[in-house]
Structures are given as structure tokens and as C-alpha cells.
file coords_32.txt (compact mmCIF, C-alpha atoms)
# COMPACT_ATOMS: atom_id res chain seq x y z
CA MET I 1 34.37 -32.87 -34.63
CA LYS I 2 37.10 -33.40 -32.05
CA ARG I 3 34.79 -32.00 -29.37
CA ILE I 4 32.02 -34.42 -30.29
CA ILE I 5 34.40 -37.33 -30.03
CA ILE I 6 35.61 -36.10 -26.63
CA ALA I 7 32.01 -35.63 -25.49
CA PHE I 8 30.97 -39.12 -26.53
CA GLY I 9 34.16 -40.51 -25.06
CA ILE I 10 33.40 -38.89 -21.70
CA ILE I 11 29.82 -40.22 -21.70
CA ILE I 12 30.91 -43.74 -22.58
CA LEU I 13 33.72 -43.64 -20.02
CA PHE I 14 31.42 -42.61 -17.19
CA ALA I 15 28.72 -45.05 -18.24
CA GLY I 16 31.36 -47.77 -18.09
CA LEU I 17 32.67 -46.57 -14.74
CA SER I 18 29.11 -46.49 -13.35
CA ALA I 19 28.54 -50.07 -14.42
CA LEU I 20 31.91 -51.08 -12.98
CA SER I 21 31.16 -49.39 -9.66
CA LEU I 22 27.81 -51.15 -9.40
CA TRP I 23 29.40 -54.49 -10.18
CA TYR I 24 32.18 -53.94 -7.63
CA LEU I 25 29.75 -52.82 -4.94
CA ASP I 26 27.57 -55.84 -5.61
CA ASP I 27 30.61 -58.10 -5.36
CA ILE I 28 31.80 -56.57 -2.09
CA HIS I 29 28.29 -56.67 -0.65
CA ASP I 30 27.99 -60.38 -1.38
CA GLU I 31 31.41 -61.19 0.08
CA ILE I 32 30.98 -59.10 3.22
CA ASN I 33 27.43 -60.40 3.70
CA VAL I 34 28.59 -64.00 3.64
CA MET I 35 31.35 -63.20 6.13
CA LEU I 36 28.91 -61.36 8.42
CA GLU I 37 26.50 -64.29 8.28
CA GLU I 38 29.33 -66.50 9.43
CA CYS I 39 30.16 -64.03 12.21
CA TYR I 40 26.56 -64.13 13.33
CA GLN I 41 26.48 -67.92 13.29
CA TYR I 42 29.70 -68.19 15.28
CA GLY I 43 28.30 -65.67 17.76
CA VAL I 44 25.06 -67.59 18.21
CA GLU I 45 26.97 -70.84 18.65
CA ASP I 46 29.41 -69.20 21.12
CA ARG I 47 32.40 -70.07 18.91
CA VAL I 48 34.30 -67.07 20.22
CA GLU I 49 37.71 -67.60 18.63
CA GLU I 50 36.27 -68.18 15.19
CA ALA I 51 33.95 -65.21 15.67
CA VAL I 52 36.91 -62.99 16.60
CA GLN I 53 38.95 -64.15 13.63
CA LYS I 54 36.08 -63.81 11.19
CA SER I 55 35.25 -60.36 12.58
CA GLN I 56 38.82 -59.25 12.01
CA GLU I 57 38.67 -60.60 8.47
CA VAL I 58 35.48 -58.65 7.88
CA PHE I 59 37.10 -55.46 9.10
CA GLU I 60 40.19 -55.97 6.92
CA LYS I 61 38.14 -56.89 3.88
CA TRP I 62 35.98 -53.81 4.33
CA HIS I 63 38.97 -51.58 4.96
CA ASN I 64 40.67 -52.75 1.76
CA SER I 65 37.58 -52.36 -0.38
CA GLU I 66 36.94 -48.89 1.06
CA THR I 67 39.86 -47.57 -0.98
CA PHE I 68 37.85 -47.85 -4.19
CA LEU I 69 34.41 -47.34 -2.69
CA ILE I 70 35.42 -43.99 -1.24
CA THR I 71 35.80 -42.58 -4.76
CA PHE I 72 32.07 -42.72 -5.44
CA ILE I 73 30.19 -43.27 -2.17
CA HIS I 74 29.53 -40.64 0.45
CA HIS I 75 32.29 -40.93 3.04
CA ASP I 76 29.93 -40.77 6.01
CA GLN I 77 28.16 -43.93 4.90
CA LEU I 78 31.43 -45.80 4.60
CA ASP I 79 32.68 -44.47 7.93
CA ASP I 80 29.58 -45.88 9.66
CA ILE I 81 30.39 -49.38 8.46
CA THR I 82 34.07 -49.00 9.30
CA ILE I 83 33.17 -48.02 12.86
CA VAL I 84 30.71 -50.88 13.27
CA THR I 85 33.05 -53.55 11.85
CA SER I 86 35.92 -52.29 14.00
CA ARG I 87 33.82 -53.01 17.10
CA LEU I 88 32.95 -56.61 16.25
CA ALA I 89 36.14 -58.43 17.29
CA PRO I 90 36.57 -56.61 20.66
CA LEU I 91 32.90 -57.09 21.49
CA ILE I 92 32.88 -60.86 21.07
CA ALA I 93 36.36 -61.22 22.59
CA ASN I 94 35.04 -59.51 25.72
CA GLY I 95 31.97 -61.70 25.90
CA GLU I 96 29.47 -59.02 24.80
CA LYS I 97 27.47 -61.52 22.80
CA ALA I 98 24.16 -59.66 22.57
CA GLU I 99 25.78 -56.42 21.48
CA TYR I 100 28.06 -58.31 19.10
CA LEU I 101 25.11 -59.97 17.39
CA ALA I 102 23.30 -56.62 17.21
CA GLU I 103 26.34 -54.95 15.66
CA VAL I 104 26.72 -57.75 13.11
CA LYS I 105 23.12 -57.26 12.07
CA LYS I 106 23.69 -53.51 11.97
CA ALA I 107 26.70 -53.98 9.71
CA MET I 108 24.66 -56.20 7.39
CA VAL I 109 21.89 -53.61 7.19
CA LEU I 110 24.37 -50.78 6.51
CA VAL I 111 26.12 -52.71 3.75
CA GLU I 112 22.77 -53.64 2.21
CA HIS I 113 21.67 -50.01 2.45
CA ILE I 114 24.76 -48.75 0.63
CA LYS I 115 24.26 -51.29 -2.12
CA MET I 116 20.57 -50.46 -2.55
CA SER I 117 21.11 -46.71 -2.43
CA GLU I 118 23.57 -46.92 -5.33
CA GLN I 119 21.21 -48.90 -7.57
CA PRO I 120 19.78 -46.88 -10.49
CA MET I 121 16.20 -47.32 -9.28
CA LEU I 122 13.40 -44.82 -9.53
CA LYS I 123 13.24 -44.19 -5.80
CA ASN I 124 16.96 -43.37 -5.73
CA ILE I 125 16.82 -41.17 -8.81
CA LEU I 126 13.79 -39.24 -7.57
CA MET W 127 42.48 -27.94 4.70
CA SER W 128 44.98 -29.62 2.41
CA ILE W 129 42.15 -31.74 1.02
CA ILE W 130 40.16 -28.64 0.11
CA PHE W 131 43.24 -27.11 -1.44
CA ILE W 132 43.95 -30.13 -3.64
CA ARG W 133 40.29 -30.55 -4.55
CA THR W 134 40.07 -26.91 -5.56
CA VAL W 135 43.06 -27.29 -7.86
CA ILE W 136 41.67 -30.46 -9.42
CA LEU W 137 38.21 -28.97 -9.90
CA TYR W 138 39.69 -25.83 -11.38
CA ILE W 139 41.55 -27.92 -13.95
CA ILE W 140 38.39 -29.88 -14.72
CA ILE W 141 36.35 -26.69 -15.15
CA VAL W 142 38.95 -25.07 -17.41
CA PHE W 143 39.07 -28.26 -19.50
CA SER W 144 35.27 -28.33 -19.62
CA LEU W 145 35.03 -24.71 -20.75
CA ARG W 146 37.63 -25.39 -23.44
CA VAL W 147 35.58 -28.32 -24.67
CA MET W 148 32.45 -26.15 -24.68
CA GLY W 149 34.17 -23.60 -26.86
CA LYS W 150 34.53 -19.84 -26.89
CA ARG W 151 31.50 -17.69 -26.27
CA GLN W 152 31.00 -14.56 -24.27
CA LEU W 153 28.54 -14.80 -21.43
CA ALA W 154 26.10 -12.47 -23.14
CA GLU W 155 26.04 -14.62 -26.25
CA LEU W 156 25.23 -17.93 -24.61
CA GLN W 157 22.15 -19.76 -25.73
CA PRO W 158 19.67 -20.53 -22.91
CA SER W 159 20.85 -24.15 -22.62
CA GLU W 160 24.50 -23.09 -22.51
CA PHE W 161 23.71 -20.48 -19.88
CA VAL W 162 21.95 -23.08 -17.73
CA VAL W 163 24.88 -25.48 -18.08
CA THR W 164 27.35 -22.76 -17.10
CA ILE W 165 25.40 -21.92 -13.96
CA LEU W 166 24.95 -25.61 -13.11
CA ILE W 167 28.68 -26.23 -13.48
CA SER W 168 29.50 -23.44 -11.06
CA ASN W 169 26.99 -24.75 -8.52
CA VAL W 170 27.98 -28.38 -8.85
CA ALA W 171 31.67 -27.57 -8.55
CA THR W 172 31.15 -26.10 -5.08
CA LEU W 173 29.60 -29.26 -3.62
CA PRO W 174 32.80 -31.31 -3.14
CA LEU W 175 34.54 -28.15 -1.94
CA GLU W 176 31.96 -27.37 0.71
CA ASP W 177 31.71 -30.93 2.02
CA VAL W 178 34.80 -33.13 1.95
CA ASN W 179 32.59 -36.15 2.67
CA ILE W 180 31.26 -35.91 -0.85
CA PRO W 181 33.51 -37.82 -3.25
CA LEU W 182 35.36 -35.58 -5.67
CA ILE W 183 33.87 -37.58 -8.49
CA GLY W 184 30.48 -36.35 -7.28
CA GLY W 185 31.46 -32.96 -8.68
CA ALA W 186 33.63 -34.05 -11.58
CA ILE W 187 31.16 -36.41 -13.25
CA PRO W 188 28.22 -33.94 -13.39
CA ILE W 189 30.48 -31.20 -14.74
CA LEU W 190 31.99 -33.33 -17.48
CA LEU W 191 28.69 -34.94 -18.39
CA LEU W 192 26.87 -31.59 -18.57
CA VAL W 193 29.54 -30.25 -20.87
CA SER W 194 29.45 -33.39 -23.01
CA PHE W 195 25.68 -33.19 -23.39
CA GLU W 196 25.95 -29.51 -24.22
CA VAL W 197 28.52 -30.20 -26.94
CA ILE W 198 26.36 -32.94 -28.42
CA VAL W 199 23.20 -30.82 -28.29
CA SER W 200 25.10 -27.92 -29.90
CA PHE W 201 26.24 -30.24 -32.67
CA ILE W 202 22.69 -31.47 -33.26
CA THR W 203 21.28 -27.96 -33.31
CA LEU W 204 23.99 -26.98 -35.77
CA LYS W 205 22.85 -29.67 -38.18
CA SER W 206 19.11 -29.51 -37.61
CA GLN W 207 17.01 -26.36 -37.84
CA LYS W 208 14.12 -28.08 -36.08
CA ALA W 209 16.33 -29.01 -33.16
CA ARG W 210 17.69 -25.47 -33.11
CA LYS W 211 14.18 -24.12 -32.87
CA VAL W 212 13.27 -26.48 -30.03
CA VAL W 213 16.42 -25.88 -28.00
CA SER W 214 17.16 -22.22 -28.67
CA GLY W 215 13.90 -20.82 -30.00
CA SER W 216 13.75 -18.27 -32.82
CA PRO W 217 14.61 -14.60 -33.02
CA ARG W 218 11.54 -12.39 -32.57
CA VAL W 219 10.91 -9.12 -34.34
CA ILE W 220 9.60 -6.58 -31.88
CA ILE W 221 9.91 -3.46 -34.01
CA ARG W 222 8.98 -3.77 -37.67
CA ASP W 223 9.04 -0.81 -40.04
CA GLY W 224 9.21 1.50 -37.01
CA VAL W 225 6.11 -0.01 -35.40
CA VAL W 226 6.46 -1.68 -32.01
CA ASP W 227 4.84 -5.12 -31.90
CA GLN W 228 3.16 -4.87 -28.51
CA GLN W 229 1.79 -8.39 -28.63
CA GLU W 230 5.26 -9.78 -29.24
CA MET W 231 6.57 -7.76 -26.32
CA LYS W 232 3.83 -9.28 -24.14
CA ASN W 233 4.75 -12.76 -25.39
CA LEU W 234 8.37 -12.12 -24.49
CA ARG W 235 7.44 -10.48 -21.17
CA LEU W 236 9.50 -7.54 -22.30
CA SER W 237 8.58 -4.23 -20.72
CA ILE W 238 9.00 -0.81 -22.30
CA ASP W 239 11.72 -0.09 -19.76
CA ASP W 240 13.59 -3.23 -20.81
CA LEU W 241 13.30 -2.27 -24.46
CA MET W 242 14.49 1.29 -23.89
CA ALA W 243 17.40 0.05 -21.75
CA GLN W 244 18.53 -2.27 -24.51
CA LEU W 245 18.19 0.50 -27.10
CA ARG W 246 20.18 2.90 -24.94
CA SER W 247 22.93 0.31 -24.57
CA LYS W 248 23.21 0.58 -28.36
CA ASP W 249 23.38 4.38 -28.13
CA ILE W 250 19.84 4.76 -29.43
CA PHE W 251 17.82 7.20 -27.36
CA ASP W 252 15.00 7.82 -29.81
CA ILE W 253 12.81 4.84 -30.63
CA SER W 254 11.67 6.56 -33.82
CA ASP W 255 15.23 6.03 -35.15
CA VAL W 256 14.65 2.29 -35.20
CA ALA W 257 13.40 0.58 -38.35
CA PHE W 258 13.72 -3.00 -37.12
CA ALA W 259 14.55 -4.49 -33.75
CA ILE W 260 14.98 -8.19 -33.16
CA ILE W 261 15.30 -10.05 -29.88
CA GLU W 262 17.83 -12.80 -30.55
CA THR W 263 17.68 -16.26 -28.97
CA THR W 264 20.37 -15.14 -26.53
CA GLY W 265 18.07 -12.36 -25.30
CA SER W 266 20.13 -9.58 -26.82
CA LEU W 267 18.59 -6.94 -29.05
CA SER W 268 19.74 -6.37 -32.63
CA VAL W 269 18.78 -3.07 -34.19
CA PHE W 270 18.56 -1.83 -37.77
CA GLN W 271 18.21 1.93 -37.75
CA ASN W 272 16.33 4.17 -40.14
CA PHE W 273 18.48 5.46 -42.97
CA ASP W 274 18.75 8.99 -41.64
CA ALA W 275 19.78 7.77 -38.18
CA ARG W 276 22.55 5.48 -39.33
CA THR W 277 26.20 6.19 -38.76
CA ILE W 278 27.83 7.58 -41.87
CA THR W 279 30.03 5.03 -43.56
CA PRO W 280 32.57 5.46 -46.38
CA LYS W 281 30.16 3.55 -48.59
CA ILE W 282 27.39 6.10 -48.02
CA MET W 283 29.82 8.95 -48.72
CA ASN W 284 31.19 7.13 -51.77
CA ILE W 285 34.66 7.31 -50.35
CA ALA W 286 36.84 4.79 -52.13
CA GLN W 287 39.20 2.51 -50.33
CA THR W 288 42.66 4.00 -50.68
CA SER W 289 44.64 0.91 -49.86
CA VAL W 290 44.09 -2.81 -49.49
CA ASN W 291 45.47 -2.35 -45.98
CA ASP W 292 42.38 -0.33 -44.97
CA ASN W 293 40.62 -3.62 -44.25
CA SER W 294 43.32 -5.04 -42.05
CA PRO W 295 43.16 -4.26 -38.35
CA PRO W 296 46.11 -3.26 -36.17
CA VAL W 297 47.67 -6.14 -34.27
CA VAL W 298 49.73 -6.35 -31.12
CA VAL W 299 53.33 -6.84 -32.13
CA VAL W 300 55.04 -6.53 -28.75
CA THR W 301 53.52 -7.49 -25.41
CA ASP W 302 55.51 -6.70 -22.30
CA GLY W 303 58.82 -6.90 -24.13
CA VAL W 304 57.97 -10.07 -26.03
CA VAL W 305 57.67 -10.00 -29.82
CA SER W 306 54.85 -11.88 -31.54
CA PRO W 307 56.27 -13.55 -34.67
CA GLN W 308 52.75 -14.28 -35.95
CA SER W 309 51.91 -10.57 -35.80
CA LEU W 310 55.07 -9.66 -37.72
CA GLN W 311 54.19 -12.29 -40.30
CA TYR W 312 50.65 -10.89 -40.59
CA LEU W 313 52.00 -7.37 -41.07
CA GLN W 314 54.48 -8.70 -43.65
CA LYS W 315 57.26 -7.03 -41.69
CA ASP W 316 60.41 -8.30 -40.09
CA VAL W 317 62.46 -7.84 -36.96
CA ALA W 318 64.60 -5.20 -38.68
CA TRP W 319 61.49 -3.05 -39.22
CA LEU W 320 60.59 -3.46 -35.55
CA LYS W 321 64.12 -2.56 -34.49
CA GLY W 322 63.91 0.55 -36.66
CA ILE W 323 60.73 1.66 -34.84
CA LEU W 324 62.26 1.05 -31.45
CA ASP W 325 65.42 2.93 -32.38
CA THR W 326 63.38 5.85 -33.72
CA SER W 327 61.40 5.97 -30.49
CA ASN W 328 64.56 5.50 -28.41
CA VAL W 329 63.05 2.56 -26.57
CA SER W 330 64.49 -0.87 -26.03
CA LEU W 331 62.44 -4.00 -26.50
CA LYS W 332 62.44 -4.85 -22.81
CA ASP W 333 61.14 -1.36 -22.01
CA THR W 334 58.21 -1.76 -24.40
CA PHE W 335 54.90 -2.35 -22.66
CA MET W 336 52.91 -2.65 -25.87
CA LEU W 337 53.37 -1.97 -29.55
CA THR W 338 50.53 -2.22 -32.04
CA ALA W 339 50.84 -1.70 -35.78
CA ASN W 340 48.88 -2.12 -38.99
CA ARG W 341 49.92 -3.14 -42.47
CA SER W 342 50.31 0.44 -43.58
CA GLY W 343 53.15 0.73 -41.09
CA ALA W 344 51.30 2.99 -38.64
CA TYR W 345 52.15 2.03 -35.11
CA HIS W 346 51.43 2.93 -31.52
CA LEU W 347 54.02 2.34 -28.82
CA ILE W 348 53.54 2.39 -25.06
CA ARG W 349 56.59 2.40 -22.81
CA LYS W 350 56.72 0.51 -19.55
CA GLU W 351 56.23 2.64 -16.49
CA ARG W 352 59.29 2.81 -14.28

call {"tool": "encode", "arguments": {"input": "coords_32.txt", "output": "C-alpha cells"}}
result
Amino acid sequence: MKRIIIAFGIIILFAGLSALSLWYLDDIHDEINVMLEECYQYGVEDRVEEAVQKSQEVFEKWHNSETFLITFIHHDQLDDITIVTSRLAPLIANGEKAEYLAEVKKAMVLVEHIKMSEQPMLKNIL
Amino acid sequence: MSIIFIRTVILYIIIVFSLRVMGKRQLAELQPSEFVVTILISNVATLPLEDVNIPLIGGAIPILLLVSFEVIVSFITLKSQKARKVVSGSPRVIIRDGVVDQQEMKNLRLSIDDLMAQLRSKDIFDISDVAFAIIETTGSLSVFQNFDARTITPKIMNIAQTSVNDNSPPVVVVTDGVVSPQSLQYLQKDVAWLKGILDTSNVSLKDTFMLTANRSGAYHLIRKER
């Protein structure tokens, strides 16, 4: 009987953790997406200082959230976003506007991709 | 390298815990579903060890979940005969009253060589000695021999049990110099009895590799090699 309780406990625990991970990922995706949209807007409008500051915030936000994300997401996927976000501030600070905007879009796509690839959808399960 | 080292330790602990939760069975006695789970666990466990980019939880969760499902399915099959039949199947009689059921062997994809190998593993070299043979759900063969081929037992010879201790097996009392109190309790003996044996054999406790004994007081002592 003890084994059954342990078994059910494990299943419930992991079901809960799965739900929590999805919720957290969704939350981070929304936050980072908003910040990246702002980065993009500042870049388009040539508001360099704000773009640099926002880019640094994006990198720090991502870096902090990576601590938990790394426990359940493939490290390579997270590393890609870390590398891209680390490039944003130097790019815009050095006047590389076109590349900056491209990298911002790339970061948005990568974050979206991670979120979608963790969703329990048929295409991900199959 | 340190990451692989730590991961290996953690996964080892998880696997040992998982196997404890699954319960004690020998490999040959596993039901098909248990066998599949055991193989899956070993394969899944290697993934986070081979690739450190894979989160450790990518190995831990499948292992623990597989074991949990196995425990639950085992519980259900314990309570429900129908479920047992679906999950584990039923034993199949392949030799009945000395006659080999060739159709059943075809159904089981069991060749004559397989059958003879299994019989030989039970020290049966003559198929005509077999009255009944059953393939269990684990794939092992259980055999009931013809009367004249069976091992002689005290019951057949009408030999009466001489002592109530005849049904109690010998137990290990001393292992590598360490006394087992539970064994002494089972034998209904005490430390003084043990000391007497050691003194008679001129061996000290720390020089004792192994000592087994039964309730009748018969013992077997092995000294440690120097």
C-alpha cells in the first residue's frame, strides 16, 4: 500500500511540476517579449540610450530566469537566447542598428519557439 | 567531467530508489511489462549522462514515472484477474498428459530446440519423463514429471519427520566476524552457544568468515583466509 501511495505521490508531484513549469515559461515569455518589443521600438526610433538600457535589462532578466528554466529545457536552446541577448546592448551602442533589430527579432522568435516547443500539443508529443 | 560524476551519483540513487519501489523480483521472473520498464529505465538513465545539455530531470522524471505506473499497474493486476490477463497473459500448457501441444507451441513461437533447452535447464533430458509442462507468463517453463521420473521424497518413501527442526533451514549466524542477532533468535540460541562453538573450533569471532547453523545445532564454520 505504501508503494501505491508513493507512486501516486510521484505522479501528482510531476504533474504539478509540469503545470508549474508551463506557467513559469509562459510568464517569462510574456515579460521578455514585452521587453524585446520595447527594444525593437527604441531601435527603430533611434533611441539608443534607452535601447541599450532595455537590452541590458532583457539580458539580466533572461539570465536570472535561466536558473529555473535550465532544469527542464534543453541547455542548447537556452544558450542560443543567452548569446543573442548578450549581443543586443553592444550592437545598438555601436550603431549597428540593422543587425540589432535583426537580433531582437531573432531573440523574440527563439523565446517563442521555446515556449511553443514545451506546450503539450500533439505535434510536440509526436 | 565533474557534472557527469555528480549526475551519475544522483541517477544511481534515483535508480536504486526506483527499484526499491518496484519491489524484489529476479530478472527471470519479471512479467513482460516489468521487463520492458526495467530496460527502459536503463536506457533513459543514460541520456542525461551521455549529453550534459539534457536536463537531469529529463532522465529522472521518466524513470520515476515509469516505476510509478508499473507499481500502479501491478496493484491493479493483483486485484483484477481480467487486468492480469490483459497485461501479463495466461500460462499456456504445452505438454499435457505427456503429449506435446504442437499448435500451442506454434502460437507461442516456441521451437523444439527452445523447449528442449528449457527442459534440460531443469535437468530433464527425456521428454517422455514429462507429464505436464506449462509456459508461465514470465516465459519460464514449469514442469510436472511423470511419477516414475520424479525425485524420491521422504513422503514417497514414507519416511517420517524426526524432528520439528527438519523444516527449518540453516541460517547465517556470523558474516565476516559480525554476529547476526536475528539469526541467533531464530535458532533459539544465545551468544554463549556461539562462543562454545568457536572455542571448540579454536577460532575467534574476528577470524570467522562465515558460520551457518540450523535449529538442531548442526553448524558449518569457515575460517578467514590469512

call {"tool": "residues_near_point", "arguments": {"input": "coords_32.txt", "point": "(28.1, -56.6, -6.1)", "cutoff": "12 Å", "atoms": "all atoms listed in the file", "output": "PyMOL selection string"}}
result
chain I and resi 19-33+65+69+111-112+114-116+118-119

call {"tool": "closest_residue", "arguments": {"input": "coords_32.txt", "among": "W:Pro181, W:Pro296, W:Pro158, W:Pro188", "to": "W:Ser144", "atoms": "all atoms listed in the file"}}
result
W:Pro188

call {"tool": "closest_atom_pairs", "arguments": {"input": "coords_32.txt", "of": "chain I", "to": "chain W", "cutoff": "6 Å", "atoms": "only C-alpha atoms", "output": "tab-separated table"}}
result
residue	atom	partner	partner_atom	distance
I:Ala7	CA	W:Ser194	CA	4.2
I:Thr71	CA	W:Pro181	CA	5.5
I:Phe72	CA	W:Pro181	CA	5.6
I:His74	CA	W:Ile180	CA	5.2
I:His75	CA	W:Asn179	CA	4.8

call {"tool": "residues_around", "arguments": {"input": "coords_32.txt", "residues": "W:Arg341", "least_positions_apart": "4", "cutoff": "10 Å", "atoms": "all atoms listed in the file", "output": "MDAnalysis selection string"}}
result
chainID W and resid 289:297 310 312:315 345

call {"tool": "atom_distance", "arguments": {"input": "coords_32.txt", "atom1": "atom CA of I:Arg87", "atom2": "atom CA of I:Ala107"}}
result
10.3 Å

call {"tool": "atom_distance", "arguments": {"input": "coords_32.txt", "atom1": "atom CA of I:Thr67", "atom2": "atom CA of W:Thr172"}}
result
23.5 Å

call {"tool": "residues_around", "arguments": {"input": "coords_32.txt", "residues": "stretch 298-304 of chain W", "least_positions_apart": "2", "cutoff": "6 Å", "atoms": "all atoms listed in the file", "output": "list in words"}}
result
Ser306, Ser309, Leu331, Lys332, Thr334, Phe335, Met336, Leu337 and Thr338 of chain W

call {"tool": "residues_around", "arguments": {"input": "coords_32.txt", "residues": "stretch 55-60 of chain I", "least_positions_apart": "2", "cutoff": "12 Å", "atoms": "only C-alpha atoms", "output": "JSON, numbers by chain"}}
result
{"I": [28, 29, 31, 32, 33, 34, 35, 36, 37, 38, 39, 40, 41, 42, 43, 47, 48, 49, 50, 51, 52, 53, 62, 63, 64, 65, 66, 67, 79, 81, 82, 83, 84, 85, 86, 87, 88, 89, 90, 91, 92, 93, 100, 101, 103, 104, 107, 108, 111]}

call {"tool": "atom_distance", "arguments": {"input": "coords_32.txt", "atom1": "atom CA of W:Ile261", "atom2": "atom CA of W:Ile220"}}
result
7.0 Å

call {"tool": "closest_residue", "arguments": {"input": "coords_32.txt", "among": "W:Ser168, W:Ile132, W:Ser159, W:Leu241", "to": "W:Gln228", "atoms": "all atoms listed in the file"}}
result
W:Leu241

call {"tool": "closest_residue", "arguments": {"input": "coords_32.txt", "among": "I:Ala102, I:Ile11, I:Ile125, I:Leu78", "to": "W:Ile189", "atoms": "all atoms listed in the file"}}
result
I:Ile11

call {"tool": "residues_near_point", "arguments": {"input": "coords_32.txt", "point": "(11.1, -9.7, -32.8)", "cutoff": "8 Å", "atoms": "all atoms listed in the file", "output": "ChimeraX atom specification"}}
result
/W:217-222,227,230,259-262

call {"tool": "decode", "arguments": {"input": "coords_32.txt", "residues": "stretch 58-80 of chain I", "atoms": "N, CA and C atoms", "output": "CSV table (one decimal), in the first residue's frame"}}
result
chain,number,residue,atom,x,y,z
I,58,VAL,N,16.9,43.1,-20.6
I,58,VAL,CA,16.5,41.9,-21.2
I,58,VAL,C,17.5,40.8,-20.8
I,59,PHE,N,18.7,41.1,-21.0
I,59,PHE,CA,19.8,40.1,-20.8
I,59,PHE,C,19.8,39.6,-19.3
I,60,GLU,N,19.6,40.6,-18.4
I,60,GLU,CA,19.6,40.2,-17.0
I,60,GLU,C,18.4,39.4,-16.6
I,61,LYS,N,17.3,39.9,-17.1
I,61,LYS,CA,16.0,39.2,-16.9
I,61,LYS,C,16.1,37.7,-17.3
I,62,TRP,N,16.6,37.6,-18.6
I,62,TRP,CA,16.8,36.2,-19.1
I,62,TRP,C,17.8,35.4,-18.3
I,63,HIS,N,18.9,36.0,-18.0
I,63,HIS,CA,19.9,35.3,-17.2
I,63,HIS,C,19.4,34.8,-15.9
I,64,ASN,N,18.6,35.6,-15.2
I,64,ASN,CA,18.0,35.2,-13.9
I,64,ASN,C,17.0,34.1,-14.1
I,65,SER,N,16.2,34.2,-15.1
I,65,SER,CA,15.1,33.2,-15.3
I,65,SER,C,15.7,31.9,-15.8
I,66,GLU,N,16.9,31.9,-16.3
I,66,GLU,CA,17.5,30.7,-16.9
I,66,GLU,C,17.8,29.7,-15.8
I,67,THR,N,18.0,30.2,-14.6
I,67,THR,CA,18.4,29.3,-13.4
I,67,THR,C,17.3,28.3,-13.2
I,68,PHE,N,16.0,28.6,-13.4
I,68,PHE,CA,15.0,27.6,-13.2
I,68,PHE,C,14.7,26.9,-14.6
I,69,LEU,N,14.8,27.7,-15.6
I,69,LEU,CA,14.5,27.1,-16.9
I,69,LEU,C,15.4,26.0,-17.3
I,70,ILE,N,16.6,26.1,-16.8
I,70,ILE,CA,17.7,25.1,-17.2
I,70,ILE,C,17.4,23.7,-16.6
I,71,THR,N,16.5,23.7,-15.6
I,71,THR,CA,16.2,22.4,-15.0
I,71,THR,C,15.3,21.5,-15.9
I,72,PHE,N,14.6,22.1,-16.9
I,72,PHE,CA,13.7,21.3,-17.7
I,72,PHE,C,13.8,21.6,-19.2
I,73,ILE,N,14.6,22.6,-19.6
I,73,ILE,CA,14.7,22.8,-21.0
I,73,ILE,C,16.1,22.5,-21.5
I,74,HIS,N,16.2,22.0,-22.7
I,74,HIS,CA,17.5,21.6,-23.2
I,74,HIS,C,18.4,22.8,-23.2
I,75,HIS,N,19.6,22.6,-22.7
I,75,HIS,CA,20.5,23.7,-22.4
I,75,HIS,C,20.9,24.5,-23.7
I,76,ASP,N,21.0,23.8,-24.8
I,76,ASP,CA,21.4,24.4,-26.1
I,76,ASP,C,20.4,25.5,-26.5
I,77,GLN,N,19.2,25.2,-26.3
I,77,GLN,CA,18.1,26.2,-26.6
I,77,GLN,C,18.2,27.4,-25.8
I,78,LEU,N,18.5,27.3,-24.5
I,78,LEU,CA,18.7,28.4,-23.6
I,78,LEU,C,19.9,29.2,-24.0
I,79,ASP,N,21.0,28.5,-24.3
I,79,ASP,CA,22.3,29.1,-24.6
I,79,ASP,C,22.1,30.0,-25.8
I,80,ASP,N,21.3,29.5,-26.8
I,80,ASP,CA,21.1,30.4,-28.0
I,80,ASP,C,20.6,31.7,-27.7
